[in-house]
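Text of the file entry19.cif, holding mmCIF, C-alpha atoms and all ligand atoms:
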data_protein
#
loop_
_atom_site.label_atom_id
_atom_site.label_comp_id
_atom_site.auth_asym_id
_atom_site.auth_seq_id
_atom_site.Cartn_x
_atom_site.Cartn_y
_atom_site.Cartn_z
CA MET A 43 -37.17 -20.86 53.14
CA ILE A 44 -40.76 -22.13 53.11
CA ILE A 45 -42.11 -23.60 49.90
CA ILE A 46 -45.80 -22.84 49.43
CA LYS A 47 -47.50 -24.91 46.74
CA GLU A 48 -50.57 -23.43 45.10
CA ASP A 49 -53.67 -25.20 43.76
CA PHE A 50 -52.33 -28.48 45.07
CA CYS A 51 -54.44 -31.57 44.26
CA LEU A 52 -55.40 -33.46 47.42
CA ALA A 53 -56.66 -36.65 45.72
CA PRO A 54 -53.71 -38.77 46.96
CA PHE A 55 -54.14 -37.28 50.44
CA ASN A 56 -57.71 -38.30 51.24
CA THR A 57 -58.98 -41.89 51.28
CA PHE A 58 -62.25 -40.94 49.53
CA GLY A 59 -59.92 -40.06 46.63
CA LEU A 60 -61.66 -36.72 46.06
CA GLU A 61 -60.05 -34.52 43.42
CA VAL A 62 -60.13 -31.26 45.37
CA LEU A 63 -57.54 -28.51 45.38
CA ALA A 64 -55.88 -26.76 48.28
CA TYR A 65 -55.46 -23.07 47.54
CA GLU A 66 -52.09 -23.27 49.32
CA LEU A 67 -50.17 -26.18 50.87
CA VAL A 68 -46.99 -26.49 52.90
CA MET A 69 -45.27 -29.77 53.79
CA ILE A 70 -44.58 -29.67 57.52
CA THR A 71 -41.32 -31.59 57.79
CA SER A 72 -40.17 -30.00 61.05
CA THR A 73 -41.61 -27.79 63.77
CA GLU A 74 -39.31 -24.99 62.50
CA VAL A 75 -41.53 -24.75 59.42
CA LEU A 76 -44.51 -24.03 61.71
CA HIS A 77 -42.52 -21.33 63.55
CA GLU A 78 -41.53 -19.75 60.22
CA LEU A 79 -45.12 -19.74 58.97
CA PHE A 80 -46.23 -18.15 62.24
CA LYS A 81 -43.59 -15.40 61.94
CA GLU A 82 -44.79 -14.66 58.41
CA GLY A 83 -48.38 -14.30 59.64
CA LYS A 84 -49.60 -17.27 57.57
CA LEU A 85 -51.37 -19.08 60.43
CA LYS A 86 -54.13 -16.57 61.10
CA GLU A 87 -57.18 -18.19 59.51
CA ASN A 88 -58.45 -20.95 57.23
CA ILE A 89 -55.87 -23.49 58.27
CA LEU A 90 -56.31 -27.22 57.88
CA VAL A 91 -53.92 -29.83 59.24
CA LEU A 92 -53.98 -32.88 57.00
CA SER A 93 -52.37 -36.16 57.99
CA LYS A 94 -53.38 -39.30 56.05
CA GLY A 95 -56.85 -38.04 55.13
CA SER A 96 -58.57 -41.24 56.33
CA ASN A 97 -61.14 -39.43 58.45
CA ILE A 98 -62.02 -36.46 56.31
CA LEU A 99 -64.61 -35.55 53.69
CA PHE A 100 -63.84 -32.58 51.44
CA THR A 101 -67.09 -31.12 50.12
CA GLY A 102 -65.22 -28.81 47.73
CA HIS A 103 -61.86 -27.15 47.13
CA PHE A 104 -60.14 -25.93 50.30
CA ASN A 105 -59.82 -22.17 50.07
CA GLY A 106 -57.04 -21.79 52.63
CA LEU A 107 -53.69 -23.18 53.74
CA VAL A 108 -53.25 -26.94 54.19
CA LEU A 109 -50.44 -28.03 56.52
CA LEU A 110 -49.44 -31.53 55.43
CA ASN A 111 -48.17 -33.48 58.42
CA GLN A 112 -44.77 -35.03 57.66
CA LEU A 113 -43.11 -35.02 61.07
CA TRP A 114 -41.23 -38.32 61.16
CA GLY A 115 -39.29 -39.92 64.02
CA LYS A 116 -39.70 -41.63 67.38
CA GLU A 117 -37.57 -42.22 70.49
CA VAL A 118 -37.72 -44.04 73.80
CA ILE A 119 -37.57 -41.31 76.45
CA VAL A 120 -37.86 -43.42 79.63
CA GLU A 121 -37.32 -47.12 80.14
CA ASN A 122 -37.36 -49.39 83.20
CA ASP A 123 -38.00 -53.11 83.79
CA GLU A 124 -41.73 -52.73 83.32
CA THR A 125 -42.51 -49.78 81.11
CA ILE A 126 -41.42 -47.76 78.13
CA LEU A 127 -42.31 -44.16 77.42
CA LEU A 128 -42.16 -43.76 73.65
CA LYS A 129 -42.33 -40.30 72.06
CA VAL A 130 -43.57 -40.46 68.48
CA ASN A 131 -43.70 -37.61 66.01
CA ALA A 132 -47.04 -36.81 64.42
CA GLY A 133 -46.26 -37.89 60.87
CA GLU A 134 -45.49 -41.53 61.70
CA PHE A 135 -47.98 -43.96 60.14
CA TRP A 136 -50.08 -45.57 62.88
CA PRO A 137 -50.05 -49.16 61.49
CA SER A 138 -46.22 -49.04 61.26
CA LEU A 139 -46.02 -47.82 64.85
CA VAL A 140 -48.17 -50.72 66.05
CA GLU A 141 -45.99 -53.16 64.09
CA TYR A 142 -42.84 -51.66 65.65
CA THR A 143 -44.17 -51.91 69.22
CA VAL A 144 -45.39 -55.48 68.70
CA GLU A 145 -42.03 -56.52 67.24
CA ASN A 146 -40.35 -55.12 70.35
CA GLY A 147 -42.79 -56.93 72.64
CA TRP A 148 -44.17 -53.66 74.05
CA GLY A 149 -47.85 -54.03 74.82
CA GLY A 150 -50.62 -51.42 74.77
CA ILE A 151 -51.67 -50.60 71.23
CA GLU A 152 -51.88 -54.02 69.55
CA ASN A 153 -55.71 -54.01 69.58
CA MET A 154 -55.56 -50.88 67.40
CA THR A 155 -53.65 -52.63 64.60
CA ASP A 156 -54.21 -51.26 61.09
CA ILE A 157 -56.14 -48.06 61.84
CA PRO A 158 -54.97 -46.32 58.69
CA GLY A 159 -54.05 -42.84 59.96
CA LYS A 160 -51.04 -40.98 61.30
CA VAL A 161 -50.01 -40.64 64.94
CA GLY A 162 -50.78 -36.91 65.20
CA ALA A 163 -54.41 -37.49 64.24
CA ALA A 164 -54.93 -40.31 66.73
CA PRO A 165 -55.76 -38.07 69.72
CA ILE A 166 -58.18 -35.93 67.70
CA GLN A 167 -61.00 -38.46 67.88
CA ASN A 168 -59.40 -40.70 70.53
CA ILE A 169 -59.09 -43.57 68.07
CA GLY A 170 -60.23 -46.92 69.28
CA ALA A 171 -60.80 -50.49 68.23
CA TYR A 172 -61.35 -53.94 69.72
CA GLY A 173 -61.51 -52.82 73.34
CA THR A 174 -58.68 -50.25 73.46
CA GLU A 175 -58.68 -46.49 72.94
CA LEU A 176 -55.83 -44.04 72.55
CA LYS A 177 -56.66 -42.54 75.96
CA ASP A 178 -55.68 -45.86 77.60
CA VAL A 179 -52.04 -45.52 76.52
CA MET A 180 -51.37 -41.83 75.93
CA VAL A 181 -49.39 -39.95 78.56
CA SER A 182 -49.16 -36.52 76.91
CA LEU A 183 -48.85 -34.74 73.61
CA GLU A 184 -47.25 -31.62 72.24
CA ALA A 185 -49.15 -29.23 70.01
CA PHE A 186 -48.28 -25.99 68.22
CA ASN A 187 -50.75 -23.21 69.02
CA PHE A 188 -51.65 -21.22 65.87
CA ASN A 189 -52.60 -18.13 67.95
CA THR A 190 -49.42 -17.88 70.03
CA GLY A 191 -46.83 -19.74 67.97
CA ILE A 192 -45.88 -21.73 71.08
CA ILE A 193 -45.65 -25.51 71.46
CA GLU A 194 -47.73 -26.56 74.48
CA THR A 195 -47.86 -29.84 76.39
CA PHE A 196 -51.24 -31.45 77.07
CA THR A 197 -51.60 -34.26 79.60
CA ASN A 198 -54.03 -37.09 78.99
CA GLU A 199 -56.52 -35.35 81.29
CA ASP A 200 -56.14 -32.00 79.48
CA CYS A 201 -57.29 -33.67 76.25
CA LYS A 202 -60.78 -34.40 77.71
CA PHE A 203 -61.05 -37.65 75.83
CA GLY A 204 -64.44 -39.22 75.25
CA TYR A 205 -65.93 -41.65 72.78
CA ARG A 206 -64.43 -40.56 69.43
CA SER A 207 -63.82 -37.12 70.82
CA SER A 208 -61.30 -34.84 72.52
CA ILE A 209 -60.76 -31.17 73.22
CA PHE A 210 -59.31 -30.94 69.68
CA LYS A 211 -62.69 -31.84 68.19
CA ASN A 212 -64.41 -29.27 70.41
CA ASP A 213 -62.98 -26.07 71.99
CA HIS A 214 -59.57 -26.40 70.28
CA MET A 215 -60.80 -27.50 66.85
CA HIS A 216 -58.43 -26.32 64.07
CA LYS A 217 -56.45 -24.22 66.61
CA TYR A 218 -53.45 -26.55 67.10
CA PHE A 219 -51.08 -28.76 65.15
CA ILE A 220 -50.31 -31.87 67.24
CA THR A 221 -46.58 -32.42 66.73
CA SER A 222 -45.85 -35.50 68.89
CA VAL A 223 -47.46 -37.99 71.25
CA VAL A 224 -45.98 -39.87 74.24
CA PHE A 225 -47.21 -43.42 74.85
CA LYS A 226 -46.84 -45.59 77.94
CA LEU A 227 -46.27 -49.19 76.88
CA THR A 228 -45.62 -52.25 78.94
CA LYS A 229 -42.76 -54.73 78.70
CA ASN A 230 -44.66 -57.61 80.34
CA PRO A 231 -47.99 -57.18 78.64
CA THR A 232 -51.27 -58.83 79.52
CA VAL A 233 -53.45 -58.96 76.45
CA ASN A 234 -56.88 -57.34 76.32
CA LEU A 235 -59.50 -59.80 75.08
CA SER A 236 -62.51 -57.82 76.30
CA TYR A 237 -63.85 -57.58 72.75
CA LYS A 238 -66.04 -60.65 72.18
CA PRO A 239 -64.69 -61.83 68.80
CA LEU A 240 -61.15 -61.72 70.22
CA ALA A 241 -62.12 -63.71 73.31
CA GLU A 242 -63.83 -66.19 71.00
CA ALA A 243 -60.77 -66.48 68.76
CA PHE A 244 -58.52 -67.39 71.69
CA LYS A 245 -60.97 -69.44 73.76
CA HIS A 246 -58.83 -72.58 73.40
CA LYS A 247 -55.94 -70.89 75.23
CA HIS A 248 -55.43 -69.46 78.68
CA ILE A 249 -55.19 -65.67 78.48
CA SER A 250 -51.62 -65.75 79.89
CA GLU A 251 -50.52 -67.79 76.86
CA VAL A 252 -51.81 -65.30 74.29
CA THR A 253 -49.17 -62.91 72.94
CA ILE A 254 -49.59 -59.36 71.70
CA ALA A 255 -48.30 -60.53 68.31
CA GLU A 256 -51.15 -63.04 68.11
CA VAL A 257 -53.69 -60.40 69.11
CA SER A 258 -52.34 -57.97 66.52
CA ALA A 259 -52.47 -60.63 63.79
CA LYS A 260 -56.02 -61.61 64.73
CA VAL A 261 -57.20 -58.00 64.75
CA ALA A 262 -55.63 -57.52 61.30
CA GLU A 263 -57.43 -60.63 60.06
CA ILE A 264 -60.84 -59.63 61.45
CA ARG A 265 -60.49 -56.08 60.09
CA ALA A 266 -59.50 -57.29 56.63
CA SER A 267 -62.56 -59.54 56.51
CA LYS A 268 -64.94 -56.74 57.49
CA LEU A 269 -63.61 -53.40 56.30
CA PRO A 270 -62.91 -52.29 52.74
CA ASN A 271 -59.29 -51.38 52.06
CA PRO A 272 -59.28 -47.70 50.95
CA GLU A 273 -56.53 -48.49 48.44
CA LYS A 274 -58.99 -50.72 46.61
CA LEU A 275 -62.34 -49.13 47.48
CA LYS A 276 -62.35 -45.46 48.46
CA ASN A 277 -63.81 -44.84 51.93
CA ALA A 278 -63.06 -43.21 55.28
CA GLY A 279 -63.95 -46.07 57.62
CA SER A 280 -66.99 -45.64 59.89
CA PHE A 281 -68.87 -42.62 58.66
CA PHE A 282 -71.10 -42.45 61.75
CA LYS A 283 -70.50 -42.71 65.49
CA ASN A 284 -72.49 -45.26 67.46
CA PRO A 285 -75.25 -43.19 69.08
CA VAL A 286 -75.60 -43.10 72.86
CA ILE A 287 -79.20 -42.83 74.08
CA ASP A 288 -80.82 -42.44 77.47
CA MET A 289 -82.47 -45.25 79.40
CA ALA A 290 -86.07 -44.19 78.65
CA GLN A 291 -85.47 -44.08 74.91
CA PHE A 292 -83.65 -47.40 75.06
CA HIS A 293 -86.54 -49.11 76.84
CA ASN A 294 -89.01 -47.72 74.30
CA LEU A 295 -86.92 -49.06 71.45
CA LYS A 296 -86.45 -52.40 73.19
CA LEU A 297 -90.24 -52.83 73.42
CA LYS A 298 -90.50 -52.44 69.67
CA TYR A 299 -87.25 -54.10 68.60
CA GLU A 300 -86.58 -56.92 71.05
CA THR A 301 -83.22 -57.90 69.57
CA ILE A 302 -81.74 -54.40 69.47
CA PRO A 303 -78.01 -54.78 70.21
CA ASN A 304 -76.83 -52.47 72.98
CA TYR A 305 -73.87 -51.68 75.22
CA PRO A 306 -74.89 -50.31 78.64
CA GLN A 307 -72.61 -47.43 79.68
CA LYS A 308 -71.45 -46.51 83.19
CA ASP A 309 -73.78 -43.47 83.32
CA SER A 310 -76.94 -45.54 82.63
CA THR A 311 -77.02 -44.63 78.95
CA TYR A 312 -76.87 -47.17 76.12
CA LYS A 313 -74.63 -47.27 73.09
CA ILE A 314 -76.38 -48.67 70.01
CA PRO A 315 -74.44 -49.86 66.94
CA ALA A 316 -75.16 -47.36 64.16
CA GLY A 317 -74.51 -50.14 61.63
CA TRP A 318 -77.48 -52.11 63.01
CA LEU A 319 -79.79 -49.08 62.80
CA ILE A 320 -78.74 -48.45 59.19
CA GLU A 321 -79.17 -52.11 58.31
CA GLN A 322 -82.68 -52.19 59.83
CA CYS A 323 -83.61 -49.33 57.50
CA GLY A 324 -82.74 -51.62 54.59
CA LEU A 325 -79.79 -49.45 53.59
CA LYS A 326 -76.90 -51.91 53.80
CA GLY A 327 -75.49 -52.17 50.28
CA LYS A 328 -77.74 -49.34 49.02
CA ARG A 329 -76.18 -47.40 46.19
CA ASP A 330 -76.93 -44.10 44.53
CA GLY A 331 -74.72 -43.57 41.50
CA ASP A 332 -71.12 -43.77 42.65
CA VAL A 333 -71.91 -43.50 46.39
CA GLY A 334 -73.09 -46.39 48.51
CA VAL A 335 -73.27 -48.11 51.84
CA HIS A 336 -70.71 -50.92 51.89
CA GLU A 337 -72.20 -54.37 51.35
CA LYS A 338 -70.56 -55.97 54.39
CA GLN A 339 -70.31 -53.03 56.77
CA ALA A 340 -73.27 -50.66 57.01
CA LEU A 341 -71.23 -48.01 58.85
CA VAL A 342 -68.96 -47.42 55.89
CA ILE A 343 -69.85 -45.16 52.97
CA VAL A 344 -67.97 -45.92 49.79
CA ASN A 345 -66.98 -43.87 46.75
CA TYR A 346 -67.28 -46.45 43.96
CA GLY A 347 -65.87 -44.13 41.32
CA ASP A 348 -66.27 -40.44 40.68
CA ALA A 349 -68.61 -39.35 43.46
CA THR A 350 -67.99 -35.81 44.68
CA GLY A 351 -67.74 -34.81 48.32
CA TYR A 352 -71.11 -33.14 47.95
CA ASP A 353 -72.67 -36.42 46.65
CA ILE A 354 -71.23 -38.28 49.65
CA LEU A 355 -72.49 -35.68 52.13
CA LYS A 356 -75.97 -35.72 50.57
CA PHE A 357 -76.06 -39.51 50.78
CA ALA A 358 -74.83 -39.48 54.41
CA ASN A 359 -77.59 -37.01 55.33
CA TYR A 360 -80.15 -39.22 53.60
CA ILE A 361 -79.04 -42.14 55.80
CA LYS A 362 -79.24 -39.94 58.89
CA ASP A 363 -82.80 -38.90 57.98
CA LYS A 364 -83.92 -42.47 57.34
CA VAL A 365 -82.56 -43.66 60.70
CA PHE A 366 -84.23 -40.75 62.48
CA GLU A 367 -87.56 -41.42 60.74
CA LYS A 368 -87.58 -45.05 61.88
CA PHE A 369 -85.94 -44.91 65.32
CA LYS A 370 -85.99 -41.22 66.37
CA VAL A 371 -82.25 -41.58 66.97
CA ARG A 372 -79.95 -38.91 65.54
CA LEU A 373 -76.74 -40.22 64.03
CA GLU A 374 -73.62 -38.06 64.22
CA PHE A 375 -70.82 -38.06 61.69
CA GLU A 376 -67.51 -39.54 62.82
CA VAL A 377 -65.82 -38.27 59.65
CA ASN A 378 -64.70 -34.62 59.64
CA VAL A 379 -66.65 -32.74 56.99
CA ILE A 380 -64.65 -29.85 55.53
C1 LIG B 1 -60.72 -48.45 56.48
C2 LIG B 1 -60.69 -47.53 57.68
C3 LIG B 1 -60.80 -48.06 58.95
C4 LIG B 1 -60.76 -47.23 60.07
N1 LIG B 1 -60.87 -47.80 61.30
C5 LIG B 1 -60.86 -47.01 62.41
C6 LIG B 1 -60.96 -47.59 63.72
O1 LIG B 1 -61.03 -48.82 63.88
N2 LIG B 1 -60.98 -46.75 64.78
C7 LIG B 1 -60.89 -45.40 64.64
O2 LIG B 1 -60.90 -44.70 65.67
N3 LIG B 1 -60.78 -44.83 63.43
C8 LIG B 1 -60.77 -45.59 62.31
N4 LIG B 1 -60.67 -45.02 61.06
C9 LIG B 1 -60.63 -43.55 60.94
C10 LIG B 1 -59.23 -42.93 60.82
O3 LIG B 1 -58.28 -43.84 60.30
C11 LIG B 1 -58.71 -42.41 62.15
O4 LIG B 1 -59.59 -41.43 62.66
C12 LIG B 1 -57.32 -41.79 62.03
O5 LIG B 1 -56.83 -41.41 63.29
C13 LIG B 1 -57.30 -40.55 61.11
O6 LIG B 1 -55.95 -40.27 60.86
P1 LIG B 1 -55.51 -39.45 59.59
O7 LIG B 1 -54.04 -39.32 59.69
O8 LIG B 1 -56.01 -40.04 58.37
O9 LIG B 1 -56.22 -38.06 59.88
P2 LIG B 1 -56.87 -37.05 58.83
O10 LIG B 1 -58.01 -37.69 58.15
O11 LIG B 1 -55.82 -36.46 57.98
O12 LIG B 1 -57.41 -35.92 59.81
C14 LIG B 1 -58.53 -36.16 60.64
C15 LIG B 1 -58.83 -34.90 61.45
O13 LIG B 1 -57.77 -34.63 62.35
C16 LIG B 1 -57.15 -33.35 62.08
N5 LIG B 1 -55.70 -33.60 62.21
C17 LIG B 1 -54.98 -34.56 61.58
N6 LIG B 1 -53.71 -34.53 62.01
C18 LIG B 1 -53.62 -33.53 62.92
C19 LIG B 1 -52.55 -33.00 63.71
N7 LIG B 1 -51.31 -33.49 63.63
N8 LIG B 1 -52.82 -31.94 64.51
C20 LIG B 1 -54.06 -31.40 64.57
N9 LIG B 1 -55.10 -31.87 63.85
C21 LIG B 1 -54.89 -32.92 63.05
C22 LIG B 1 -57.56 -33.01 60.66
O14 LIG B 1 -57.58 -31.61 60.47
C23 LIG B 1 -58.94 -33.64 60.59
O15 LIG B 1 -59.89 -32.79 61.18
C24 LIG B 1 -60.66 -45.84 59.92
C25 LIG B 1 -60.55 -45.29 58.63
C26 LIG B 1 -60.56 -46.14 57.51
C27 LIG B 1 -60.42 -45.55 56.15
#

For the structure just supplied, provide its representation as structure tokens.
Amino acid sequence: MIIIKEDFCLAPFNTFGLEVLAYELVMITSTEVLHELFKEGKLKENILVLSKGSNILFTGHFNGLVLLNQLWGKEVIVENDETILLKVNAGEFWPSLVEYTVENGWGGIENMTDIPGKVGAAPIQNIGAYGTELKDVMVSLEAFNFNTGIIETFTNEDCKFGYRSSIFKNDHMHKYFITSVVFKLTKNPTVNLSYKPLAEAFKHKHISEVTIAEVSAKVAEIRASKLPNPEKLKNAGSFFKNPVIDMAQFHNLKLKYETIPNYPQKDSTYKIPAGWLIEQCGLKGKRDGDVGVHEKQALVIVNYGDATGYDILKFANYIKDKVFEKFKVRLEFEVNVI
């Protein structure tokens, strides 16, 4: 029998700590619960899958059915001398998964240490950090289709991964519940030090001497020094994506702002750090009541107390406008606004 909770407070389930209610909520502890809900016609509209709530902004109460992702478990499905295929259920906590793989000496996701979400949400925006993205290690995933009630398999290619995006943020948005993900990990890992601060941290060693455990520990250290811990200061990580602009616009900006940081992309576009743009507008550390830009990291918007989702959205739009006014660059939200 399915237990449907009504007017369920989501404050512990979103890292902005917003006191919003879900009209209805069901804990998804197995895929059978999804099949049951489908049979009862409960998955027709206004459905929201909620995992850890670390990439979501609720602008008000959610007037529908929240499916709270609690699908635990993982298993090695293929193993040989070189690789491991690990199938992980969607409700596993990402930082614990990284810890587990590092402890086993399986390389591949150590650069993504401490991204504070669950495994099922990781493909949604193709999570990434310190030179690695989910797409680099994901083989396939399984997802429950709300329209058909069938669990489908998506290959890496099917997911159409891009920078902080996938098919689940576009055509398939809110149409599937990702139930598990298969990762390809390596037993004789070579570390990835392509991210400058990591290369710098290990410059005294030859790359072959650096272990995945050391990389994971270093990433954890750098992150802790830069990013506010949502358990202490409510936030959802980077609020904005780094904008990608075309060559002409980049050269115009470069004429005016000689030191503009930039990352040339393969298709002749340029990625510009949104944090730099925000900082140049004098907004780093800016505060309006209980909402503010974090003092150390301009990409992060913080709820210092009792800000509402609406306050946070208004503030985020203000930042967007200011950046556009100065640079004619449109920032996009990385956080999912609900
Ligand atoms: C301090 C901090 C640092 C962060 N650093 C990074 C970083 O370095 N890199 C990075 O990429 N992100 C980062 N994030 C963002 C966030 O942690 C990731 O996007 C994470 O994958 C979100 O997971 P979640 O479980 O919290 O998802 P939620 O916030 O619960 O959900 C996010 C979106 O995915 C959908 N969703 C969730 N689970 C499922 C599922 N099983 N099936 C279908 N849809 C689903 C939700 O409906 C929602 O639209 C950071 C966040 C914080 C707070």

Collect all residues with atoms no farther than 6 Å from ligand LIG 1 (chain B), counting all atoms listed in the file, and output them as a PyMOL selection string.
chain A and resi 90-98+132+157-160+162-164+166+169-171+218-221+269-272+277-279+378

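Across the structure, atom CA of A:Asn56 and atom CA of A:Ala262 are spaced 21.8 Å apart.
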
Report the distance between atom CA of A:Tyr299 and atom CA of A:Ser207 in Å, rounded to one decimal place.
29.0 Å

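Taking atom CA of A:Asp309 as the reference point, atom CA of A:Val379 is found at 29.3 Å.
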
Taking 6 positions as the minimum chain separation for residues in the same chain, which residues sit within 9 Å of A:Thr197 when counting all atoms listed in the file? Answer as a PDB file with C-alpha atoms, in the frame of the given file.
ATOM      1  CA  MET A 180     -51.370 -41.830  75.930  1.00  0.00           C
ATOM      2  CA  VAL A 181     -49.390 -39.950  78.560  1.00  0.00           C
ATOM      3  CA  SER A 182     -49.160 -36.520  76.910  1.00  0.00           C
ATOM      4  CA  LEU A 183     -48.850 -34.740  73.610  1.00  0.00           C
ATOM      5  CA  GLU A 184     -47.250 -31.620  72.240  1.00  0.00           C
TER       6      GLU A 184
END

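Distance check against A:Glu78 using only C-alpha atoms: of A:Leu240, A:Ala316, A:Ile192, A:Ile151, the minimum falls on A:Ile192.
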
Restricting the calculation to all atoms listed in the file: of A:Ser258, A:Asn284, A:Asn153, A:Asn189, which residue gets closest to A:Asn234?
A:Asn153

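If you measure from each of A:Ala290, A:Ala266, A:Ile320, A:Val224 to A:Arg372 using all atoms listed in the file, the closest one turns out to be A:Ile320.
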
Set out as a tab-separated table a contact list for stretch 93-128 of chain A and stretch 352-366 of chain A with a cut-off of 9 Å, giving each residue of stretch 93-128 of chain A that qualifies its closest atom pair and distance in Å to one decimal, counting all atoms listed in the file, ordered by chain and rising residue number.
residue	atom	partner	partner_atom	distance
A:Leu99	CA	A:Leu355	CA	8.0
A:Phe100	CA	A:Tyr352	CA	8.1
A:Thr101	CA	A:Tyr352	CA	5.0
A:Gly102	CA	A:Tyr352	CA	7.3

Across A:Gly173, A:Gly59, A:Gly83, A:Pro303, the smallest distance to A:Lys238, with all atoms listed in the file counted, is shown by A:Gly173

Pick from A:Leu235, A:Leu127, A:Ala243, A:Cys51 nearest to A:Thr174, counting only C-alpha atoms:
A:Leu235

Taking the point (-54.0, -23.0, 71.1) as given in the file, collect each protein or nucleic acid residue that comes within 12 Å of it, counting only C-alpha atoms, and present the set as a ChimeraX atom specification.
/A:85-86,184-196,209-210,213-220

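The environment of A:Glu48 within 9 Å, counting only C-alpha atoms and disregarding residues fewer than 3 places along the same chain, consists of Leu63, Ala64, Tyr65, Glu66 and Leu67 of chain A.
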
Among A:Ile287, A:Tyr142, A:Leu275, A:Phe369, A:Leu319 is approached most closely, using all atoms listed in the file, by A:Phe369

Please list as a PyMOL selection string every residue within 10 Å of A:Asp156, counting all atoms listed in the file and excluding residues in the same chain fewer than 6 positions away.
chain A and resi 135-141+171+258-259+261-263+265-266

Could you name the residues that touch A:Gln339 at 9 Å or less, counting all atoms listed in the file, but leaving out those on the same chain fewer than 4 positions away, as a list in words?
Lys268, Leu269, Pro270, Ser280, Gly317, Lys326, Gly327, Val335 and Ile343 of chain A

Can you tell me, as JSON, numbers by chain, which residues sit within 12 Å of (-52.2, -62.0, 82.3) in the file's frame, using all atoms listed in the file?
{"A": [149, 230, 231, 232, 233, 234, 235, 247, 248, 249, 250, 251, 252, 253, 254]}
